[in-house]
Every structure is written in C-alpha cells, then in structure tokens.
>>> print(open('data_30.tsv').read())   # TSV, C-alpha atoms
chain	number	residue	atom	x	y	z
A	89	MET	CA	128.44	97.81	75.76
A	90	ALA	CA	127.25	100.50	73.35
A	91	LYS	CA	124.52	98.13	72.12
A	92	LYS	CA	123.46	97.51	75.71
A	93	ALA	CA	123.31	101.26	76.37
A	94	LEU	CA	121.23	101.80	73.21
A	95	GLU	CA	118.89	99.00	74.14
A	96	GLU	CA	118.36	100.47	77.59
A	97	GLY	CA	117.75	103.93	76.12
A	98	GLN	CA	120.92	105.56	77.42
A	99	PRO	CA	123.26	107.43	75.07
A	100	PRO	CA	126.70	105.80	74.60
A	101	LYS	CA	129.65	107.25	76.59
A	102	LYS	CA	131.94	109.49	74.56
A	103	LYS	CA	135.66	108.84	74.70
A	104	SER	CA	137.47	111.71	76.37
A	105	ARG	CA	139.45	113.58	73.76
A	106	LEU	CA	140.43	116.30	76.24
A	107	LYS	CA	142.68	113.89	78.10
A	108	TRP	CA	144.54	112.97	74.90
A	109	PHE	CA	144.78	116.61	73.84
A	110	LEU	CA	146.35	117.66	77.18
A	111	LEU	CA	148.73	114.70	77.12
A	112	ILE	CA	149.96	115.55	73.61
A	113	LEU	CA	150.26	119.26	74.49
A	114	PHE	CA	152.34	118.43	77.58
A	115	PHE	CA	154.57	116.13	75.54
A	116	LEU	CA	155.15	118.85	72.89
A	117	ILE	CA	156.03	121.46	75.52
A	118	LEU	CA	158.40	119.03	77.19
A	119	MET	CA	160.12	118.23	73.89
A	120	GLY	CA	160.39	121.92	72.98
A	121	GLY	CA	162.01	122.75	76.31
A	122	GLY	CA	164.44	119.86	75.94
A	123	ALA	CA	165.36	120.94	72.42
A	124	ALA	CA	165.93	124.54	73.54
A	125	GLY	CA	168.08	123.38	76.45
A	126	ALA	CA	170.15	121.15	74.17
A	127	TRP	CA	170.60	124.01	71.71
A	128	VAL	CA	171.83	126.45	74.33
A	129	PHE	CA	173.92	124.22	76.56
A	130	LEU	CA	175.22	121.48	74.32
A	131	LEU	CA	175.56	123.22	70.99
A	132	GLY	CA	176.50	126.63	72.37
A	133	GLY	CA	173.74	128.48	70.57
A	134	ASP	CA	172.74	131.99	71.54
A	135	LEU	CA	169.56	132.55	73.46
A	136	PRO	CA	166.66	134.20	71.68
A	137	ASP	CA	166.27	137.91	72.44
A	138	PHE	CA	163.33	137.52	74.78
A	139	LEU	CA	165.26	134.97	76.90
A	140	GLN	CA	168.44	137.05	76.85
A	141	ARG	CA	166.56	140.07	78.19
A	142	GLY	CA	165.21	137.91	81.01
A	143	ARG	CA	168.70	136.67	81.86
A	144	GLU	CA	170.03	140.25	81.96
A	145	ARG	CA	167.19	141.29	84.21
A	146	LEU	CA	167.92	138.43	86.65
A	147	ALA	CA	171.70	138.93	86.59
A	148	PRO	CA	173.10	140.66	89.66
A	149	SER	CA	173.57	144.36	89.15
A	150	ALA	CA	176.99	145.99	89.22
A	151	PRO	CA	178.29	146.44	92.75
A	152	ALA	CA	178.06	149.84	94.32
A	153	ALA	CA	181.04	152.13	94.23
A	154	SER	CA	183.86	150.70	96.28
A	155	SER	CA	185.12	152.43	99.38
A	156	ALA	CA	188.57	152.88	97.80
A	157	PRO	CA	189.07	156.30	96.26
A	158	ALA	CA	189.41	156.54	92.52
A	159	GLY	CA	192.92	157.00	91.30
A	160	PRO	CA	196.19	155.14	91.36
A	161	VAL	CA	196.53	151.94	93.33
A	162	GLY	CA	198.81	152.23	96.35
A	163	ASN	CA	201.29	149.87	97.94
A	164	SER	CA	199.96	146.73	99.59
A	165	ILE	CA	201.56	146.16	103.00
A	166	PRO	CA	200.98	142.87	104.88
A	167	LEU	CA	200.09	143.24	108.54
A	168	PRO	CA	201.00	140.63	111.16
A	169	VAL	CA	198.53	137.83	111.95
A	170	PHE	CA	196.04	138.66	114.69
A	171	VAL	CA	194.80	135.89	117.00
A	172	VAL	CA	192.26	137.35	119.43
A	173	ASN	CA	189.55	135.96	121.71
A	174	LEU	CA	186.11	137.16	120.70
A	175	ALA	CA	183.66	138.74	123.13
A	176	ASP	CA	181.99	135.39	123.81
A	177	PRO	CA	180.25	134.88	127.19
A	178	LEU	CA	182.06	131.57	127.68
A	179	GLY	CA	185.36	132.85	126.26
A	180	GLN	CA	185.73	129.89	123.92
A	181	ARG	CA	185.68	131.59	120.53
A	182	PHE	CA	188.59	133.27	118.83
A	183	ILE	CA	189.44	134.86	115.49
A	184	GLN	CA	192.64	134.51	113.49
A	185	LEU	CA	192.91	137.30	110.95
A	186	SER	CA	195.53	138.13	108.31
A	187	LEU	CA	195.32	141.53	106.62
A	188	GLU	CA	196.99	143.60	103.95
A	189	ALA	CA	196.62	147.37	103.89
A	190	GLU	CA	196.72	149.38	100.69
A	191	VAL	CA	198.48	152.65	101.48
A	192	ALA	CA	199.09	155.81	99.46
A	193	ASN	CA	202.88	155.61	99.03
A	194	ASP	CA	206.19	154.33	100.44
A	195	GLN	CA	206.32	157.08	103.06
A	196	VAL	CA	202.98	155.93	104.49
A	197	ALA	CA	204.22	152.31	104.40
A	198	GLN	CA	207.23	153.31	106.52
A	199	GLU	CA	204.97	155.25	108.87
A	200	LEU	CA	202.78	152.17	109.19
A	201	GLN	CA	205.82	150.08	110.19
A	202	ARG	CA	206.91	152.70	112.76
A	203	ASN	CA	203.46	152.74	114.36
A	204	MET	CA	202.95	148.97	114.34
A	205	ALA	CA	202.57	148.75	118.15
A	206	ARG	CA	199.77	151.35	118.14
A	207	ILE	CA	198.13	149.67	115.15
A	208	ARG	CA	198.27	146.20	116.74
A	209	ASP	CA	196.85	147.56	120.00
A	210	SER	CA	194.01	149.34	118.22
A	211	LEU	CA	193.09	146.34	116.07
A	212	ILE	CA	193.33	143.88	118.99
A	213	MET	CA	190.95	146.10	120.97
A	214	LEU	CA	188.59	146.29	118.01
A	215	LEU	CA	188.62	142.55	117.32
A	216	SER	CA	188.25	141.56	120.98
A	217	SER	CA	185.11	143.69	121.23
A	218	LYS	CA	183.41	141.66	118.47
A	219	SER	CA	181.21	138.63	119.02
A	220	TYR	CA	180.83	135.70	116.66
A	221	ALA	CA	177.67	137.25	115.21
A	222	ASP	CA	179.64	140.44	114.49
A	223	VAL	CA	182.08	138.62	112.17
A	224	ALA	CA	180.04	135.72	110.76
A	225	THR	CA	178.17	137.26	107.81
A	226	THR	CA	179.48	138.90	104.66
A	227	GLU	CA	177.93	142.23	105.59
A	228	SER	CA	179.62	142.14	108.99
A	229	LYS	CA	183.00	141.41	107.37
A	230	ILE	CA	182.56	144.46	105.13
A	231	MET	CA	181.72	146.55	108.21
A	232	LEU	CA	184.80	145.14	109.99
A	233	LYS	CA	187.01	146.14	107.05
A	234	SER	CA	185.56	149.65	107.18
A	235	GLU	CA	186.21	149.89	110.91
A	236	ILE	CA	189.80	148.71	110.44
A	237	ILE	CA	190.37	151.35	107.73
A	238	ASP	CA	188.98	154.00	110.09
A	239	ARG	CA	191.31	152.85	112.89
A	240	LEU	CA	194.36	152.84	110.61
A	241	ASN	CA	193.54	156.28	109.19
A	242	GLY	CA	192.99	157.51	112.75
A	243	ILE	CA	196.58	156.55	113.58
A	244	LEU	CA	198.32	157.38	110.28
A	245	GLY	CA	196.24	160.34	109.16
A	246	PRO	CA	193.11	160.73	107.07
A	247	GLY	CA	193.10	159.21	103.59
A	248	LYS	CA	196.43	157.42	103.89
A	249	VAL	CA	194.97	153.89	103.94
A	250	TYR	CA	192.81	153.24	100.88
A	251	GLN	CA	191.67	149.68	101.46
A	252	VAL	CA	192.15	146.68	103.72
A	253	PHE	CA	192.15	143.17	102.33
A	254	ILE	CA	191.33	140.15	104.49
A	255	THR	CA	193.78	137.52	103.22
A	256	ASP	CA	192.90	134.84	105.80
A	257	MET	CA	190.20	134.57	108.41
A	258	LYS	CA	189.38	131.75	110.80
A	259	VAL	CA	186.75	131.91	113.51
A	260	GLN	CA	186.34	129.10	116.03
>>> encode(input="data_30.tsv", output="structure tokens")
Amino acid sequence: MAKKALEEGQPPKKKSRLKWFLLILFFLILMGGGAAGAWVFLLGGDLPDFLQRGRERLAPSAPAASSAPAGPVGNSIPLPVFVVNLADPLGQRFIQLSLEAEVANDQVAQELQRNMARIRDSLIMLLSSKSYADVATTESKIMLKSEIIDRLNGILGPGKVYQVFITDMKVQ
C-alpha cells in the first residue's frame, strides 16, 4: 500500500502513536489504582498523607452539642407504650411509641410515676396532633423528642427531665 501511495505521489499514512500512548497511560493508571486499593484494603496499609487529609475532610463532623445538660447522668425511667392514631385525613395511620425518660434523681422519678395520668394525657394529645410527615424523617423525630421533653418538664418542673430516648417506634 505504501508503494502504491508513493507511486501515486501521496505521502504514506503514519501509524497513530497517540492511540497507543493513551491506551498504555490508561492501563498504568488503572494498575496503580488497583495496587493502591489492594495495599489499603487487603494488606491494611495506611493511606498516604494527602489521601488521609481528604478522608478527614469528607468525614462527617462531630455532632452539635446535645440537648442534655452537661453533668451527671440521671435515672432512666421507662414510660408506658403509646398507641395513638395520627392526624391523618382518612384516620388510617397510627403510631406506637415506647420511651424512656432520663430524670435528675429518684425524687423526680417518683414524681413522674405520681403524675403518669397527666403525662399520658399530654403525650397522647401531642402525638395525636402529628401527621405521618411530622414523624417520618430523622429531623422530625428529633423535634418530637424535644417537644416531649418540653411537655414533661412542663408537668414536672423545669430541668427535671434531661433527655427522652425513643426505644421503639412503629408508624403504619
């Protein structure tokens, strides 16, 4: 073919070296990435500094300060299970909720038991005012916990309930 091109006065076609260069470069990058992955994950090697800094930057930051006051941990008191219809237009959704309340001391725990009827009434009213959208997301569950703490402290006195833990929650 080259002889034919020379005879006709056309220069011969050059073989594309760029294609081979890019193919080899891609292969080397692929092999380097595979070797680095094997080093880190299979052999347990440490990441190089520049990769470690990137991992730290992408890692989730420390959570904000919790709503519980700093200091000693109080007593954890289980509350009865709440089964309440949600504020659904068709009335077909309900929530089943189990809670534990962290209180300041034994005296507050006894006060909580004495006021259980008021507490149940307040929490049933709160839960029945919620729709499915109000309890479906993580943010809404955090808001619900905050509202429950406010209701309990409204009955027992300010600062007596530190935290509320949702131990079981079903929404249908």
>>> atom_distance(input="data_30.tsv", atom1="atom CA of Leu215 of chain A", atom2="atom CA of Val172 of chain A")
6.7 Å
>>> residues_around(input="data_30.tsv", residues="Gln180 of chain A", least_positions_apart="6", cutoff="12 Å", atoms="all atoms listed in the file", output="number ranges by chain")
A: 172-174, 219-220, 259-260
>>> atom_distance(input="data_30.tsv", atom1="atom CA of Ala221 of chain A", atom2="atom CA of Asp209 of chain A")
22.3 Å
>>> closest_residue(input="data_30.tsv", among="A:Ala197, A:Ile165, A:Val171, A:Ile112", to="Gln184 of chain A", atoms="only C-alpha atoms")
A:Val171
>>> closest_residue(input="data_30.tsv", among="A:Ala124, A:Met231, A:Met257, A:Leu167", to="Arg208 of chain A", atoms="all atoms listed in the file")
A:Leu167
>>> closest_residue(input="data_30.tsv", among="A:Leu178, A:Gly162, A:Gln195, A:Ile207", to="Arg239 of chain A", atoms="all atoms listed in the file")
A:Ile207
